[in-house]
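The data block below is my_file.cif; it holds mmCIF, C-alpha atoms.
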data_data
loop_
_atom_site.group_PDB
_atom_site.id
_atom_site.type_symbol
_atom_site.label_atom_id
_atom_site.label_comp_id
_atom_site.auth_asym_id
_atom_site.auth_seq_id
_atom_site.Cartn_x
_atom_site.Cartn_y
_atom_site.Cartn_z
ATOM 1 C CA GLN G 26 55.305 24.998 -28.000
ATOM 2 C CA VAL G 27 56.385 28.380 -29.273
ATOM 3 C CA GLN G 28 59.073 30.425 -27.588
ATOM 4 C CA LEU G 29 59.204 34.186 -27.989
ATOM 5 C CA VAL G 30 62.244 36.311 -27.213
ATOM 6 C CA GLU G 31 62.209 40.088 -27.390
ATOM 7 C CA SER G 32 65.234 42.263 -28.094
ATOM 8 C CA GLY G 33 65.969 45.959 -28.458
ATOM 9 C CA GLY G 34 64.537 48.618 -26.195
ATOM 10 C CA GLY G 35 66.564 50.013 -23.312
ATOM 11 C CA LEU G 36 66.954 53.714 -22.569
ATOM 12 C CA VAL G 37 65.728 56.096 -25.263
ATOM 13 C CA GLN G 38 65.168 59.826 -25.432
ATOM 14 C CA ALA G 39 61.766 61.435 -25.725
ATOM 15 C CA GLY G 40 61.063 62.249 -29.341
ATOM 16 C CA ASP G 41 63.234 59.411 -30.623
ATOM 17 C CA SER G 42 62.037 56.113 -32.070
ATOM 18 C CA LEU G 43 61.823 52.723 -30.430
ATOM 19 C CA HIS G 44 62.713 49.541 -32.269
ATOM 20 C CA VAL G 45 62.014 46.177 -30.686
ATOM 21 C CA SER G 46 62.043 42.715 -32.209
ATOM 22 C CA CYS G 47 60.607 39.355 -31.277
ATOM 23 C CA ALA G 48 62.107 36.075 -32.413
ATOM 24 C CA ALA G 49 59.827 33.060 -32.452
ATOM 25 C CA SER G 50 61.098 29.515 -32.237
ATOM 26 C CA GLY G 51 59.717 26.115 -31.556
ATOM 27 C CA ARG G 52 58.706 23.009 -33.383
ATOM 28 C CA ALA G 53 55.163 24.142 -34.143
ATOM 29 C CA PHE G 54 55.194 27.755 -35.323
ATOM 30 C CA ASN G 55 51.662 28.365 -36.460
ATOM 31 C CA THR G 56 50.605 31.672 -35.044
ATOM 32 C CA PRO G 57 48.194 33.520 -37.284
ATOM 33 C CA THR G 58 47.983 36.398 -34.843
ATOM 34 C CA MET G 59 50.848 38.192 -33.119
ATOM 35 C CA ALA G 60 50.854 41.321 -31.030
ATOM 36 C CA TRP G 61 52.705 43.668 -28.742
ATOM 37 C CA PHE G 62 51.533 44.554 -25.268
ATOM 38 C CA ARG G 63 53.176 46.713 -22.651
ATOM 39 C CA GLN G 64 53.027 47.178 -18.916
ATOM 40 C CA ALA G 65 54.003 50.447 -17.314
ATOM 41 C CA PRO G 66 55.182 50.567 -13.691
ATOM 42 C CA GLY G 67 52.231 50.176 -11.355
ATOM 43 C CA LYS G 68 49.758 49.631 -14.179
ATOM 44 C CA GLU G 69 48.064 46.689 -15.847
ATOM 45 C CA ARG G 70 49.327 45.199 -19.065
ATOM 46 C CA GLU G 71 47.824 47.003 -22.040
ATOM 47 C CA PHE G 72 47.403 46.248 -25.710
ATOM 48 C CA VAL G 73 49.602 48.119 -28.186
ATOM 49 C CA VAL G 74 49.136 46.595 -31.635
ATOM 50 C CA ALA G 75 48.287 43.283 -33.324
ATOM 51 C CA ILE G 76 48.899 41.864 -36.775
ATOM 52 C CA SER G 77 47.363 39.031 -38.763
ATOM 53 C CA GLY G 78 49.308 36.111 -40.146
ATOM 54 C CA SER G 79 49.658 37.607 -43.618
ATOM 55 C CA GLY G 80 50.399 41.042 -42.227
ATOM 56 C CA GLY G 81 47.437 42.430 -44.112
ATOM 57 C CA SER G 82 45.375 43.336 -41.061
ATOM 58 C CA VAL G 83 46.575 45.459 -38.180
ATOM 59 C CA THR G 84 44.813 46.755 -35.085
ATOM 60 C CA TYR G 85 46.286 49.627 -33.087
ATOM 61 C CA ALA G 86 45.600 50.956 -29.619
ATOM 62 C CA ASP G 87 44.415 54.541 -29.718
ATOM 63 C CA SER G 88 47.403 55.662 -27.656
ATOM 64 C CA VAL G 89 49.907 54.725 -30.378
ATOM 65 C CA MET G 90 47.850 54.663 -33.571
ATOM 66 C CA TRP G 91 49.676 57.415 -35.431
ATOM 67 C CA ARG G 92 53.108 56.670 -33.974
ATOM 68 C CA CYS G 93 53.405 52.917 -34.281
ATOM 69 C CA THR G 94 54.351 50.397 -36.971
ATOM 70 C CA ILE G 95 54.145 46.622 -36.616
ATOM 71 C CA SER G 96 55.529 44.170 -39.143
ATOM 72 C CA ARG G 97 56.388 40.524 -39.375
ATOM 73 C CA ASP G 98 58.686 38.317 -41.417
ATOM 74 C CA ASN G 99 57.189 34.850 -41.387
ATOM 75 C CA ALA G 100 60.157 33.281 -43.173
ATOM 76 C CA LYS G 101 62.434 34.506 -40.408
ATOM 77 C CA LYS G 102 59.805 34.011 -37.685
ATOM 78 C CA MET G 103 60.286 37.590 -36.568
ATOM 79 C CA LEU G 104 57.916 40.284 -35.301
ATOM 80 C CA TYR G 105 58.889 43.935 -35.195
ATOM 81 C CA LEU G 106 57.627 47.067 -33.483
ATOM 82 C CA GLN G 107 58.560 50.664 -34.132
ATOM 83 C CA VAL G 108 57.149 53.517 -32.057
ATOM 84 C CA ASN G 109 57.992 57.041 -33.165
ATOM 85 C CA ASN G 110 57.995 60.322 -31.269
ATOM 86 C CA LEU G 111 58.425 58.588 -27.941
ATOM 87 C CA LYS G 112 56.916 60.078 -24.807
ATOM 88 C CA PRO G 113 57.777 59.405 -21.178
ATOM 89 C CA GLU G 114 54.421 57.625 -20.846
ATOM 90 C CA ASP G 115 55.685 55.027 -23.338
ATOM 91 C CA THR G 116 58.000 53.758 -20.591
ATOM 92 C CA ALA G 117 57.032 50.146 -19.963
ATOM 93 C CA VAL G 118 58.015 46.525 -20.313
ATOM 94 C CA TYR G 119 57.107 45.507 -23.845
ATOM 95 C CA TYR G 120 55.837 41.984 -24.475
ATOM 96 C CA CYS G 121 55.527 39.961 -27.641
ATOM 97 C CA ALA G 122 52.502 37.657 -27.842
ATOM 98 C CA ALA G 123 51.298 35.013 -30.263
ATOM 99 C CA THR G 124 48.327 32.726 -30.709
ATOM 100 C CA ALA G 125 47.107 29.984 -32.988
ATOM 101 C CA ASN G 126 43.684 31.696 -33.033
ATOM 102 C CA ASN G 127 42.680 33.283 -36.302
ATOM 103 C CA TYR G 128 42.928 37.039 -36.423
ATOM 104 C CA ASN G 129 40.022 38.962 -34.954
ATOM 105 C CA SER G 130 40.374 42.722 -34.597
ATOM 106 C CA VAL G 131 38.263 42.835 -31.436
ATOM 107 C CA ALA G 132 39.626 39.769 -29.658
ATOM 108 C CA ALA G 133 43.196 40.662 -30.582
ATOM 109 C CA ARG G 134 43.084 43.514 -28.074
ATOM 110 C CA ARG G 135 42.644 41.129 -25.154
ATOM 111 C CA SER G 136 45.591 39.460 -23.452
ATOM 112 C CA GLU G 137 43.617 36.268 -22.843
ATOM 113 C CA PHE G 138 43.410 35.770 -26.618
ATOM 114 C CA TYR G 139 47.093 34.841 -26.717
ATOM 115 C CA ASP G 140 48.705 31.503 -25.969
ATOM 116 C CA TYR G 141 52.372 32.434 -25.932
ATOM 117 C CA TRP G 142 54.263 35.307 -24.366
ATOM 118 C CA GLY G 143 57.812 36.544 -24.355
ATOM 119 C CA GLN G 144 59.594 37.442 -21.150
ATOM 120 C CA GLY G 145 59.301 41.145 -21.880
ATOM 121 C CA ILE G 146 61.888 43.802 -22.506
ATOM 122 C CA PRO G 147 62.078 47.086 -20.573
ATOM 123 C CA VAL G 148 61.949 50.411 -22.346
ATOM 124 C CA THR G 149 62.603 53.670 -20.525
ATOM 125 C CA VAL G 150 61.893 56.973 -22.202
ATOM 126 C CA SER G 151 63.757 59.891 -20.661
ATOM 127 C CA SER G 152 62.497 63.438 -21.049
#
As structure tokens:
Amino acid sequence: QVQLVESGGGLVQAGDSLHVSCAASGRAFNTPTMAWFRQAPGKEREFVVAISGSGGSVTYADSVMWRCTISRDNAKKMLYLQVNNLKPEDTAVYYCAATANNYNSVAARRSEFYDYWGQGIPVTVSS
């Protein structure tokens, strides 16, 4: 089993940057693909960005492509997300996800591709 715990987020101002982290733990950490999803109030969970095991391949959602950076530190078992120039529509609960499936830029956009999920962390962007 792999446990994922998000941290960061909270209340941020529009135009500022968001920094969230995800700590992975568990006896069998072998997750070639990790990602961030988010769920806004009253909406379905949506894909934000995914990263391959080496960090060499990244897939972004169109809504954040030019504002978002994902990174991972495999030695520390950490996943990071930065979203710049925040907008009120970025308000959501942000989730960390991981899977033992090999990276696939198409499949990585789908929530069903992932085996493990964090509990989510709320982010509110005030205008």
Pick out the residues sitting within 12 Å of range 33-46 of chain G, and hand them over as a PyMOL selection string; count all atoms listed in the file, and ignore anything fewer than 6 positions along from it in its own chain. chain G and resi 60-63+92-98+101-122+143+145-152
Length of the CA of Glu137 in chain G to CA of Gly81 in chain G vector [Å]: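 Atom-to-atom, CA of Glu137 in chain G to CA of Gly81 in chain G, that is 22.5 Å.
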Residue by residue, what does the PyMOL selection byres ((chain G and resi 84) around 8) grab here? Present the result as an mmCIF file with C-alpha atoms, in the coordinates of the input.
data_model
loop_
_atom_site.group_PDB
_atom_site.id
_atom_site.type_symbol
_atom_site.label_atom_id
_atom_site.label_comp_id
_atom_site.auth_asym_id
_atom_site.auth_seq_id
_atom_site.Cartn_x
_atom_site.Cartn_y
_atom_site.Cartn_z
ATOM 1 C CA VAL G 74 49.136 46.595 -31.635
ATOM 2 C CA ALA G 75 48.287 43.283 -33.324
ATOM 3 C CA ILE G 76 48.899 41.864 -36.775
ATOM 4 C CA SER G 82 45.375 43.336 -41.061
ATOM 5 C CA VAL G 83 46.575 45.459 -38.180
ATOM 6 C CA TYR G 85 46.286 49.627 -33.087
ATOM 7 C CA ALA G 86 45.600 50.956 -29.619
ATOM 8 C CA SER G 130 40.374 42.722 -34.597
ATOM 9 C CA ALA G 133 43.196 40.662 -30.582
ATOM 10 C CA ARG G 134 43.084 43.514 -28.074
#
Here is a test: counting only C-alpha atoms, which residue of G:Gln26, G:Asn99, G:Ser79, G:Asn126 is nearest to Trp142 in chain G? G:Gln26
Among listed residues G:Ala123, G:Leu29, G:Ala48, G:Ala132, nearest Gly78 in chain G (using all atoms listed in the file):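 So, comparing all the options, the nearest one is G:Ala123.
You can rank G:Asn129, G:Thr56, G:Gln28, G:Ser136 by their closest distance to Val73 in chain G using all atoms listed in the file, and at the top of that list sits G:Ser136.
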Expressed in Å to a single decimal, how great is the separation between CA of Cys47 in chain G and CA of Gln144 in chain G?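 According to the coordinates, CA of Cys47 in chain G and CA of Gln144 in chain G are separated by 10.4 Å.
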How far is it from CA of Pro57 in chain G to CA of Arg135 in chain G, in Å with one decimal? 15.4 Å
